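Structure file query.txt (compact mmCIF, C-alpha atoms and all ligand atoms) follows.
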# COMPACT_ATOMS: atom_id res chain seq x y z
CA MET A 1 -19.15 -10.82 57.10
CA PRO A 2 -15.93 -9.06 56.01
CA TYR A 3 -14.33 -10.04 52.72
CA GLU A 4 -10.55 -10.39 52.48
CA ILE A 5 -8.41 -8.85 49.75
CA LEU A 6 -6.17 -11.69 48.52
CA GLU A 7 -4.30 -9.82 45.79
CA LYS A 8 -3.81 -6.23 44.74
CA ILE A 9 -1.75 -4.94 41.83
CA GLN A 10 -1.46 -1.60 40.09
CA LEU A 11 -2.33 -1.65 36.40
CA GLY A 12 -0.83 0.69 33.80
CA ASP A 13 1.31 3.64 34.81
CA SER A 14 -1.30 6.22 35.82
CA GLY A 15 -1.23 5.15 39.49
CA THR A 16 -5.03 5.25 39.55
CA ILE A 17 -6.05 1.76 38.37
CA PHE A 18 -5.86 -1.35 40.55
CA GLU A 19 -6.77 -5.01 40.19
CA MET A 20 -8.05 -6.65 43.36
CA VAL A 21 -8.95 -10.25 44.08
CA LEU A 22 -11.59 -10.67 46.80
CA LYS A 23 -12.48 -13.85 48.67
CA THR A 24 -16.24 -14.19 48.07
CA PRO A 25 -17.07 -17.92 47.60
CA LEU A 26 -20.85 -17.56 47.38
CA ILE A 27 -20.69 -14.73 44.83
CA ALA A 28 -18.00 -16.51 42.78
CA LYS A 29 -20.24 -19.58 42.61
CA LYS A 30 -23.04 -17.63 40.88
CA ALA A 31 -21.12 -15.00 38.90
CA TYR A 32 -21.41 -14.56 35.13
CA ALA A 33 -20.34 -11.98 32.57
CA GLY A 34 -22.45 -8.85 32.97
CA ASN A 35 -22.86 -9.12 36.74
CA PHE A 36 -21.65 -6.55 39.23
CA ILE A 37 -21.33 -6.30 42.99
CA LEU A 38 -21.92 -3.50 45.49
CA VAL A 39 -18.95 -2.99 47.81
CA ARG A 40 -18.98 -1.06 51.08
CA VAL A 41 -15.54 -0.63 52.61
CA ASN A 42 -16.53 0.34 56.15
CA GLU A 43 -19.50 1.28 58.32
CA THR A 44 -19.64 4.89 57.16
CA GLY A 45 -18.82 4.06 53.54
CA GLU A 46 -21.21 4.27 50.59
CA ARG A 47 -21.96 1.24 48.46
CA ILE A 48 -20.27 1.41 45.09
CA PRO A 49 -21.07 -0.77 42.08
CA LEU A 50 -18.11 -2.62 40.52
CA THR A 51 -18.19 -5.11 37.65
CA ILE A 52 -17.09 -8.67 38.22
CA ALA A 53 -14.17 -8.60 35.78
CA ASP A 54 -13.30 -12.25 36.42
CA TYR A 55 -14.29 -15.05 38.78
CA ASP A 56 -12.82 -18.35 39.93
CA ARG A 57 -15.46 -20.72 41.27
CA GLU A 58 -12.91 -23.21 42.65
CA LYS A 59 -10.87 -20.63 44.54
CA GLY A 60 -14.04 -18.76 45.56
CA THR A 61 -12.75 -15.40 44.33
CA VAL A 62 -13.86 -12.50 42.15
CA THR A 63 -11.52 -10.04 40.45
CA LEU A 64 -12.27 -6.33 40.32
CA VAL A 65 -10.53 -3.62 38.34
CA ILE A 66 -11.00 -0.25 39.99
CA GLN A 67 -10.18 3.26 38.88
CA VAL A 68 -9.75 5.85 41.60
CA VAL A 69 -12.12 8.73 40.78
CA GLY A 70 -13.48 9.87 44.16
CA LYS A 71 -13.63 9.14 47.89
CA SER A 72 -14.99 5.58 47.89
CA THR A 73 -12.75 4.25 45.14
CA LYS A 74 -9.76 5.89 46.86
CA LEU A 75 -10.73 4.37 50.23
CA LEU A 76 -10.99 0.94 48.61
CA CYS A 77 -7.74 1.24 46.66
CA ASN A 78 -5.89 2.42 49.77
CA LEU A 79 -6.51 -1.04 51.31
CA LYS A 80 -3.73 -3.63 51.27
CA VAL A 81 -3.59 -7.39 50.75
CA GLY A 82 -4.97 -9.01 53.92
CA ASP A 83 -7.32 -6.08 54.67
CA LYS A 84 -11.06 -6.71 54.56
CA VAL A 85 -14.03 -4.82 53.13
CA LEU A 86 -17.10 -4.74 55.33
CA ASP A 87 -19.74 -5.94 52.91
CA VAL A 88 -20.29 -7.10 49.40
CA VAL A 89 -23.67 -7.67 47.75
CA GLY A 90 -24.10 -9.67 44.56
CA PRO A 91 -23.94 -10.90 41.99
CA LEU A 92 -26.34 -8.19 40.76
CA GLY A 93 -27.54 -7.24 37.28
CA ASN A 94 -28.31 -9.54 34.40
CA ARG A 95 -25.97 -12.04 32.86
CA ILE A 96 -25.26 -11.13 29.23
CA HIS A 97 -27.26 -13.03 26.66
CA ILE A 98 -25.09 -15.87 25.31
CA ASP A 99 -25.85 -17.13 21.82
CA LYS A 100 -23.96 -18.65 18.91
CA TYR A 101 -24.07 -15.92 16.28
CA GLU A 102 -23.69 -16.46 12.54
CA HIS A 103 -21.16 -13.65 12.09
CA PRO A 104 -18.39 -12.24 14.35
CA VAL A 105 -19.09 -10.27 17.51
CA VAL A 106 -17.24 -6.97 17.99
CA ILE A 107 -16.45 -6.12 21.62
CA ILE A 108 -15.30 -2.57 22.37
CA GLY A 109 -13.70 -1.52 25.66
CA GLY A 110 -12.75 2.01 26.55
CA GLY A 111 -10.62 3.05 29.55
CA ILE A 112 -11.67 1.20 32.72
CA GLY A 113 -14.38 -0.47 30.57
CA ILE A 114 -11.66 -2.69 29.07
CA ALA A 115 -11.65 -5.08 32.06
CA PRO A 116 -15.37 -6.02 31.92
CA CYS A 117 -14.86 -6.98 28.25
CA TYR A 118 -12.85 -9.98 29.43
CA PRO A 119 -15.64 -12.17 30.90
CA GLN A 120 -18.00 -11.19 28.06
CA SER A 121 -15.46 -12.10 25.41
CA LYS A 122 -14.55 -15.32 27.23
CA GLU A 123 -18.14 -16.57 27.62
CA LEU A 124 -19.14 -15.62 24.06
CA ARG A 125 -16.03 -17.29 22.63
CA GLU A 126 -16.68 -20.44 24.65
CA ALA A 127 -20.11 -20.50 22.95
CA GLY A 128 -18.30 -20.72 19.60
CA ASN A 129 -18.31 -17.08 18.49
CA LYS A 130 -15.57 -15.28 16.61
CA ILE A 131 -14.55 -12.25 18.66
CA ILE A 132 -13.04 -9.05 17.29
CA THR A 133 -11.98 -6.79 20.15
CA ILE A 134 -11.27 -3.08 19.91
CA LEU A 135 -9.61 -1.48 22.93
CA GLY A 136 -9.27 2.27 23.30
CA ALA A 137 -7.60 4.54 25.82
CA ARG A 138 -6.31 8.09 26.02
CA SER A 139 -2.71 6.83 26.00
CA LYS A 140 -0.60 3.68 26.32
CA GLY A 141 -0.28 3.88 30.13
CA LEU A 142 -4.05 3.56 30.54
CA LEU A 143 -4.35 0.40 28.44
CA ILE A 144 -5.01 -2.45 30.83
CA TRP A 145 -5.42 -6.25 30.58
CA LYS A 146 -4.16 -6.34 26.97
CA ASP A 147 -2.75 -9.88 27.22
CA ARG A 148 -5.77 -11.23 29.05
CA ILE A 149 -8.13 -9.76 26.45
CA LYS A 150 -5.93 -11.04 23.62
CA SER A 151 -6.24 -14.56 25.04
CA VAL A 152 -10.02 -14.48 24.47
CA SER A 153 -10.07 -12.60 21.13
CA ASP A 154 -9.62 -13.80 17.56
CA GLU A 155 -8.53 -10.35 16.50
CA LEU A 156 -7.38 -7.43 18.67
CA ILE A 157 -7.26 -3.80 17.55
CA ILE A 158 -5.87 -1.07 19.79
CA THR A 159 -6.47 2.66 19.47
CA THR A 160 -5.07 5.49 21.58
CA ASP A 161 -6.10 9.15 21.40
CA ASP A 162 -2.43 10.25 21.28
CA GLY A 163 -1.12 7.40 19.09
CA SER A 164 1.26 6.12 21.82
CA GLU A 165 0.08 2.55 21.08
CA GLY A 166 -1.85 1.01 18.20
CA ARG A 167 -3.78 3.28 15.86
CA LYS A 168 -4.03 6.97 16.65
CA GLY A 169 -7.71 7.80 17.00
CA VAL A 170 -10.86 6.51 18.62
CA VAL A 171 -12.58 3.11 18.76
CA THR A 172 -15.25 4.09 16.26
CA ASP A 173 -12.61 4.49 13.48
CA PRO A 174 -11.87 0.72 13.16
CA LEU A 175 -15.52 -0.08 14.00
CA LYS A 176 -16.72 1.87 10.94
CA GLU A 177 -14.28 -0.02 8.69
CA ILE A 178 -15.26 -3.40 10.11
CA ILE A 179 -19.02 -3.00 9.74
CA LYS A 180 -18.53 -1.57 6.23
CA GLU A 181 -16.36 -4.54 5.17
CA LYS A 182 -18.13 -7.53 6.69
CA GLU A 183 -21.27 -8.72 8.34
CA ILE A 184 -21.25 -8.42 12.12
CA SER A 185 -23.91 -10.04 14.28
CA LEU A 186 -23.46 -8.03 17.45
CA VAL A 187 -21.49 -5.09 18.87
CA ILE A 188 -20.89 -4.74 22.62
CA ALA A 189 -19.51 -1.46 23.98
CA ILE A 190 -18.29 -0.91 27.55
CA GLY A 191 -16.70 2.36 28.61
CA PRO A 192 -17.37 6.06 29.14
CA LEU A 193 -20.91 7.23 28.28
CA ILE A 194 -19.62 9.44 25.51
CA MET A 195 -17.79 6.52 23.86
CA MET A 196 -20.89 4.32 24.03
CA LYS A 197 -23.01 7.13 22.59
CA TYR A 198 -20.74 7.37 19.52
CA VAL A 199 -20.61 3.59 19.09
CA VAL A 200 -24.41 3.55 19.05
CA LEU A 201 -24.51 6.42 16.54
CA THR A 202 -22.18 4.36 14.33
CA THR A 203 -24.29 1.20 14.47
CA ASN A 204 -27.85 2.57 14.51
CA GLY A 205 -28.19 2.52 10.73
CA SER A 206 -28.87 6.27 10.50
CA GLY A 207 -25.95 6.96 8.11
CA SER A 208 -24.45 4.99 5.25
CA LEU A 209 -23.39 2.09 7.49
CA PRO A 210 -25.60 -0.93 8.16
CA LYS A 211 -27.53 -1.22 11.40
CA VAL A 212 -25.93 -3.69 13.86
CA LYS A 213 -27.50 -4.81 17.14
CA THR A 214 -25.52 -3.14 19.92
CA TYR A 215 -25.39 -3.65 23.67
CA VAL A 216 -23.95 -1.02 26.00
CA SER A 217 -23.09 -1.41 29.67
CA LEU A 218 -24.63 1.45 31.65
CA ASN A 219 -22.53 2.75 34.54
CA THR A 220 -25.11 5.10 36.02
CA ILE A 221 -24.91 6.18 39.66
CA MET A 222 -26.48 3.43 41.81
CA ILE A 223 -27.55 3.11 45.43
CA ASP A 224 -29.37 -0.14 46.22
CA GLY A 225 -28.72 -2.04 42.97
CA THR A 226 -32.04 -3.84 43.28
CA GLY A 227 -34.51 -1.61 41.42
CA MET A 228 -35.95 0.13 44.49
CA CYS A 229 -34.34 3.59 44.77
CA GLY A 230 -34.69 4.73 41.17
CA CYS A 231 -31.25 6.36 41.18
CA CYS A 232 -30.00 4.45 38.12
CA ARG A 233 -33.02 5.16 35.94
CA PHE A 234 -32.48 6.09 32.32
CA LEU A 235 -34.83 7.27 29.61
CA THR A 236 -35.45 5.35 26.44
CA LEU A 237 -35.83 7.16 23.13
CA ASP A 238 -39.52 6.23 22.98
CA GLY A 239 -40.16 8.02 26.30
CA GLY A 240 -39.97 4.95 28.58
CA VAL A 241 -38.01 4.57 31.80
CA GLN A 242 -35.74 1.66 32.73
CA PHE A 243 -33.38 0.90 35.60
CA ALA A 244 -29.77 0.05 34.80
CA CYS A 245 -29.38 -2.21 37.86
CA VAL A 246 -32.25 -4.59 37.09
CA ASP A 247 -32.93 -4.06 33.37
CA GLY A 248 -29.15 -4.04 32.67
CA PRO A 249 -26.46 -3.05 33.18
CA ASP A 250 -26.12 -4.36 29.60
CA VAL A 251 -28.97 -2.98 27.51
CA ASP A 252 -29.85 -2.42 23.87
CA GLY A 253 -27.84 0.73 23.06
CA HIS A 254 -30.25 1.81 20.33
CA ILE A 255 -33.03 2.54 22.83
CA VAL A 256 -30.95 4.63 25.28
CA ASP A 257 -31.40 8.41 25.46
CA PHE A 258 -27.69 9.17 25.89
CA ASP A 259 -28.10 12.95 25.88
CA ASN A 260 -30.35 12.76 28.93
CA LEU A 261 -27.98 10.32 30.67
CA LEU A 262 -24.97 12.54 30.00
CA LYS A 263 -26.83 15.53 31.47
CA ARG A 264 -27.67 13.57 34.65
CA ALA A 265 -24.25 11.94 35.11
CA ASP A 266 -22.63 14.86 36.93
CA ARG A 267 -25.58 15.91 39.09
CA PHE A 268 -23.68 15.23 42.36
CA LEU A 269 -20.37 16.72 41.20
CA GLU A 270 -20.16 19.34 43.98
CA GLN A 271 -20.93 16.84 46.76
CA GLU A 272 -18.46 14.32 45.29
CA LYS A 273 -15.71 16.95 45.16
CA TYR A 274 -16.42 18.03 48.75
CA SER A 275 -16.43 14.45 50.01
CA LEU A 276 -13.04 13.73 48.38
CA GLU A 277 -11.52 16.94 49.79
CA CYS A 278 -12.68 15.99 53.31
CA TYR A 279 -11.25 12.48 52.93
CA ASP A 280 -7.90 13.80 51.67
CA GLU A 281 -7.81 16.24 54.57
CA GLU A 282 -8.51 13.40 57.03
CA CYS A 283 -5.69 11.30 55.48
CA ARG A 284 -3.24 14.20 55.74
CA ALA A 285 -4.18 14.79 59.40
CA LEU A 286 -3.74 11.08 60.16
CA GLU A 287 -0.32 11.00 58.46
CA LYS A 288 0.76 14.08 60.43
CA TYR A 289 -0.45 12.54 63.71
CA LYS A 290 1.38 9.27 62.95
CA SER A 291 4.64 11.05 62.14
CA GLU A 292 4.39 13.09 65.37
CA VAL A 293 3.71 9.95 67.47
CA ASP A 294 6.63 8.12 65.80
C1 LIG B 301 -22.83 -1.40 37.03
C2 LIG B 301 -21.60 -0.58 37.28
C3 LIG B 301 -20.37 -1.19 37.21
C4 LIG B 301 -19.21 -0.44 37.46
N1 LIG B 301 -18.02 -1.09 37.39
C5 LIG B 301 -16.88 -0.41 37.68
C6 LIG B 301 -15.64 -1.08 37.68
O1 LIG B 301 -15.55 -2.29 37.42
N2 LIG B 301 -14.54 -0.36 37.97
C7 LIG B 301 -14.59 0.98 38.26
O2 LIG B 301 -13.55 1.57 38.54
N3 LIG B 301 -15.76 1.64 38.28
C8 LIG B 301 -16.91 0.97 38.00
N4 LIG B 301 -18.11 1.64 38.04
C9 LIG B 301 -18.11 3.07 38.44
C10 LIG B 301 -17.93 3.18 39.95
O3 LIG B 301 -19.04 2.61 40.60
C11 LIG B 301 -17.78 4.65 40.34
O4 LIG B 301 -16.58 5.14 39.80
C12 LIG B 301 -17.76 4.83 41.86
O5 LIG B 301 -19.03 4.59 42.39
C13 LIG B 301 -17.31 6.23 42.19
O6 LIG B 301 -17.34 6.40 43.59
P1 LIG B 301 -16.36 7.45 44.29
O7 LIG B 301 -16.91 7.75 45.64
O8 LIG B 301 -14.95 7.00 44.23
O9 LIG B 301 -16.44 8.70 43.38
P2 LIG B 301 -17.61 9.81 43.42
O10 LIG B 301 -17.21 10.85 44.40
O11 LIG B 301 -18.95 9.17 43.59
O12 LIG B 301 -17.45 10.36 41.96
C14 LIG B 301 -16.27 11.01 41.49
C15 LIG B 301 -16.39 11.22 39.98
O13 LIG B 301 -16.35 9.94 39.34
C16 LIG B 301 -17.30 9.87 38.31
N5 LIG B 301 -18.29 8.83 38.62
C17 LIG B 301 -18.98 8.64 39.76
N6 LIG B 301 -19.82 7.59 39.68
C18 LIG B 301 -19.66 7.13 38.43
C19 LIG B 301 -20.23 6.06 37.70
N7 LIG B 301 -21.19 5.27 38.22
N8 LIG B 301 -19.80 5.86 36.45
C20 LIG B 301 -18.87 6.63 35.89
N9 LIG B 301 -18.29 7.67 36.51
C21 LIG B 301 -18.67 7.91 37.76
C22 LIG B 301 -17.92 11.22 38.20
O14 LIG B 301 -17.20 12.00 37.25
C23 LIG B 301 -17.72 11.81 39.57
O15 LIG B 301 -17.70 13.17 39.59
C24 LIG B 301 -19.29 0.94 37.77
C25 LIG B 301 -20.54 1.55 37.84
C26 LIG B 301 -21.68 0.80 37.59
C27 LIG B 301 -23.02 1.43 37.69
S1 LIG B 302 -29.69 1.47 41.88
FE1 LIG B 302 -31.59 1.81 42.84
S2 LIG B 302 -33.02 1.38 41.31
FE2 LIG B 302 -31.13 0.87 40.40
Reformat the file's structure so that it appears as structure tokens.
Amino acid sequence: MPYEILEKIQLGDSGTIFEMVLKTPLIAKKAYAGNFILVRVNETGERIPLTIADYDREKGTVTLVIQVVGKSTKLLCNLKVGDKVLDVVGPLGNRIHIDKYEHPVVIIGGGIGIAPCYPQSKELREAGNKIITILGARSKGLLIWKDRIKSVSDELIITTDDGSEGRKGVVTDPLKEIIKEKEISLVIAIGPLIMMKYVVLTTNGSGSLPKVKTYVSLNTIMIDGTGMCGCCRFLTLDGGVQFACVDGPDVDGHIVDFDNLLKRADRFLEQEKYSLECYDEECRALEKYKSEVD
């Protein structure tokens, strides 16, 4: 059953990030923070995992925030309002654990990982928690959903690598100050693997700072999203194996072997590059054909 795109807007000024609202009543009915869906645009398309960044049970919609990085994300983001994607599977993955914590919760979003912070922050705040959010991006134009995140945060800190907005630096700079100054019950980090690795190194109690329980959201490569293919497996520091799609995607960051994950993250780089080049070539040929016919 095809799923209609009801809204599409560009976010930031990079031209690579889009917000899309999809009509998916059954998924919207069961969605919670932490869940993701698998989207396949057309019959020859691959299934790509995308986080449910927001949901509206009454309207029967889910909101996605997508960054164009390769063929499938480009194919999806080339669609317009009114177009349909062929299939959507979900909600998949575990809902985040919701508790009322004694001390504030720090939620950290980096790059495209900022959007998934929204439902987590919203649900944890509704449970009575104080939320301190730290958002980080390379520069101002890549900072997305600032107002939305602000609406579900008690305190919002922004960092950019180049200092074009907020503090110049990285998300771990304010994090270090916060956990040194006050007690924090939980840290949640969503963003690039390298960012999550350094958040975990900050909170694992190995240096002078106290240990703080930390969840990270693993964006490993996925195929089936149901624990069968093994593609999303990651190693734990005690030598165990877990699957991001069914054991996560939000998992205890202190058990993740990030060095192994980082090594495996670009194992299909050549194929991904080739696939994007072929798609771009196809698009150019189609444009040329259209202009000749016109
Ligand atoms: C649970 C989960 C939730 C996700 N949520 C979102 C989301 O809300 N929005 C969003 O834009 N992306 C999200 N991703 C990442 C997204 O699935 C990938 O960017 C997408 O599959 C890439 O497909 P592609 O064909 O466009 O690029 P590919 O050709 O497959 O890859 C191009 C390049 O993108 C990078 N890349 C590929 N796959 C991933 C990945 N899984 N994680 C990080 N980088 C990757 C690599 O550098 C790769 O070389 C999520 C991933 C997971 C596992
Ligand atoms: S994506 Fe196949 S096991 Fe997780």
Quiz item: CA of Gln120 in chain A to atom C17 of ligand LIG 301 (chain B): how many Å, to one decimal?
Solution: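 Pair CA of Gln120 in chain A / atom C17 of ligand LIG 301 (chain B) returns 23.0 Å.
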Leaving out Glu277 in chain A and any residue of its chain fewer than 6 positions from it, which residues lie within 10 Å of it when counting all atoms listed in the file, given as a PDB file with C-alpha atoms, in the frame of the given file?
ATOM      1  CA  GLY A  70     -13.480   9.870  44.160  1.00  0.00           C
ATOM      2  CA  LYS A  71     -13.630   9.140  47.890  1.00  0.00           C
ATOM      3  CA  GLN A 271     -20.930  16.840  46.760  1.00  0.00           C
ATOM      4  CA  CYS A 283      -5.690  11.300  55.480  1.00  0.00           C
TER       5      CYS A 283
END
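Of the residues listed (A:Asp250, A:Glu102, A:Glu155, A:Glu272), A:Glu272 shows the shortest atom-to-atom separation from ligand LIG 301 (chain B); distances use all atoms listed in the file.
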Quiz item: Which chains and residue numbers are within 8 Å of ligand LIG 301 (chain B), counting all atoms listed in the file, if I want them as a VMD selection string?
Solution: chain A and resid 17 35 to 37 46 to 53 64 to 75 93 112 to 113 115 to 116 192 to 193 217 to 222 232 244 to 245 249 265 to 266 268 to 273 275 to 276
Could you produce a table of the residues of chain A lying within 8 Å of ligand LIG 302 (chain B), with the nearest pair of atoms per residue and their separation in Å rounded to one decimal, using only C-alpha atoms and all ligand atoms, ordered by chain and increasing residue number, as a tab-separated table?
residue	atom	partner	partner_atom	distance
A:Ile221	CA	B:LIG302	S1	7.1
A:Met222	CA	B:LIG302	S1	3.8
A:Ile223	CA	B:LIG302	S1	4.5
A:Asp224	CA	B:LIG302	FE1	4.5
A:Gly225	CA	B:LIG302	S1	3.8
A:Thr226	CA	B:LIG302	FE2	5.6
A:Gly227	CA	B:LIG302	S2	3.3
A:Met228	CA	B:LIG302	S2	4.5
A:Cys229	CA	B:LIG302	FE1	3.8
A:Gly230	CA	B:LIG302	S2	3.7
A:Cys231	CA	B:LIG302	FE1	4.9
A:Cys232	CA	B:LIG302	FE2	4.4
A:Arg233	CA	B:LIG302	FE2	6.5
A:Phe243	CA	B:LIG302	FE2	5.3
A:Ala244	CA	B:LIG302	FE2	5.8
A:Cys245	CA	B:LIG302	FE2	4.4
A:Val246	CA	B:LIG302	FE2	6.5
Quiz item: Distance CA of Arg167 in chain A-CA of Asp252 in chain A, one decimal place?
Solution: 27.9 Å
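Nearest residue to Cys117 in chain A among A:Glu4, A:Asn78, A:Gly191, A:Val85 is A:Gly191, counting all atoms listed in the file.
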Exercise. Could you check how far CA of Arg40 in chain A sits from CA of Ala189 in chain A, in Å to one decimal?
Key: 27.1 Å
Please determine an axis-aligned box that encloses all atoms of range 54-61 of chain A listed in the file, with 5 Å added on each side, and express its centre and edge lengths in Å to one decimal as lines of an AutoDock Vina configuration file.
center_x = -13.2
center_y = -17.7
center_z = 41.0
size_x = 14.6
size_y = 21.0
size_z = 19.1
Quiz item: Quick one: of A:Ile178, A:Val199, A:Leu286, A:Ile114, who's nearest to Arg148 in chain A, counting all atoms listed in the file?
Solution: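 Looking only at the distances to Arg148 in chain A, the closest residue turns out to be A:Ile114.
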Quiz item: Given the choices A:Asp56, A:Asp147, A:Asp162, A:Glu177, which gets closest to Ala28 in chain A if the distance is worked out from all atoms listed in the file?
Solution: A:Asp56
Quiz item: So which residues touch Thr214 in chain A within 10 Å, counting only C-alpha atoms, skipping near sequence neighbours fewer than 4 positions away, as number ranges by chain?
Solution: A: 105-107, 185-189, 196, 199-200, 202-204, 250-255
Self-check item: Contacts of Asp257 in chain A within 10 Å, all atoms listed in the file, excl. fewer than 5 positions in-chain, as a list of chain:residue names
Solution: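 Near Asp257 in chain A, the qualifying residues are A:Lys197, A:Phe234, A:Leu235, A:Thr236, A:Leu237, A:Asp238, A:Gly239, A:Gly240, A:Val241, A:Leu262.
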Residue rebuild result range 16-29 of chain A, N, CA and C atoms as a PDB file, keeping the file's coordinate frame:
ATOM      1  N   THR A  16      -3.633   5.102  39.114  1.00  0.00           N
ATOM      2  CA  THR A  16      -5.030   5.250  39.550  1.00  0.00           C
ATOM      3  C   THR A  16      -5.857   3.980  39.305  1.00  0.00           C
ATOM      4  N   ILE A  17      -5.256   2.957  38.694  1.00  0.00           N
ATOM      5  CA  ILE A  17      -6.050   1.760  38.370  1.00  0.00           C
ATOM      6  C   ILE A  17      -5.458   0.537  39.089  1.00  0.00           C
ATOM      7  N   PHE A  18      -6.318  -0.204  39.769  1.00  0.00           N
ATOM      8  CA  PHE A  18      -5.860  -1.350  40.550  1.00  0.00           C
ATOM      9  C   PHE A  18      -6.722  -2.579  40.269  1.00  0.00           C
ATOM     10  N   GLU A  19      -6.051  -3.728  40.281  1.00  0.00           N
ATOM     11  CA  GLU A  19      -6.770  -5.010  40.190  1.00  0.00           C
ATOM     12  C   GLU A  19      -6.770  -5.604  41.592  1.00  0.00           C
ATOM     13  N   MET A  20      -7.940  -6.073  42.011  1.00  0.00           N
ATOM     14  CA  MET A  20      -8.050  -6.650  43.360  1.00  0.00           C
ATOM     15  C   MET A  20      -8.777  -7.977  43.286  1.00  0.00           C
ATOM     16  N   VAL A  21      -8.259  -8.967  44.003  1.00  0.00           N
ATOM     17  CA  VAL A  21      -8.950 -10.250  44.080  1.00  0.00           C
ATOM     18  C   VAL A  21      -9.549 -10.368  45.469  1.00  0.00           C
ATOM     19  N   LEU A  22     -10.871 -10.583  45.518  1.00  0.00           N
ATOM     20  CA  LEU A  22     -11.590 -10.670  46.800  1.00  0.00           C
ATOM     21  C   LEU A  22     -12.053 -12.092  47.053  1.00  0.00           C
ATOM     22  N   LYS A  23     -11.960 -12.520  48.296  1.00  0.00           N
ATOM     23  CA  LYS A  23     -12.480 -13.850  48.670  1.00  0.00           C
ATOM     24  C   LYS A  23     -13.992 -13.715  48.877  1.00  0.00           C
ATOM     25  N   THR A  24     -14.770 -14.268  47.971  1.00  0.00           N
ATOM     26  CA  THR A  24     -16.240 -14.190  48.070  1.00  0.00           C
ATOM     27  C   THR A  24     -16.834 -15.479  47.492  1.00  0.00           C
ATOM     28  N   PRO A  25     -16.690 -16.621  48.178  1.00  0.00           N
ATOM     29  CA  PRO A  25     -17.070 -17.920  47.600  1.00  0.00           C
ATOM     30  C   PRO A  25     -18.504 -17.986  47.074  1.00  0.00           C
ATOM     31  N   LEU A  26     -19.461 -17.429  47.811  1.00  0.00           N
ATOM     32  CA  LEU A  26     -20.850 -17.560  47.380  1.00  0.00           C
ATOM     33  C   LEU A  26     -21.127 -16.750  46.117  1.00  0.00           C
ATOM     34  N   ILE A  27     -20.500 -15.570  46.023  1.00  0.00           N
ATOM     35  CA  ILE A  27     -20.690 -14.730  44.830  1.00  0.00           C
ATOM     36  C   ILE A  27     -19.978 -15.374  43.636  1.00  0.00           C
ATOM     37  N   ALA A  28     -18.771 -15.882  43.876  1.00  0.00           N
ATOM     38  CA  ALA A  28     -18.000 -16.510  42.780  1.00  0.00           C
ATOM     39  C   ALA A  28     -18.775 -17.689  42.182  1.00  0.00           C
ATOM     40  N   LYS A  29     -19.490 -18.394  43.040  1.00  0.00           N
ATOM     41  CA  LYS A  29     -20.240 -19.580  42.610  1.00  0.00           C
ATOM     42  C   LYS A  29     -21.326 -19.223  41.590  1.00  0.00           C
TER      43      LYS A  29
END
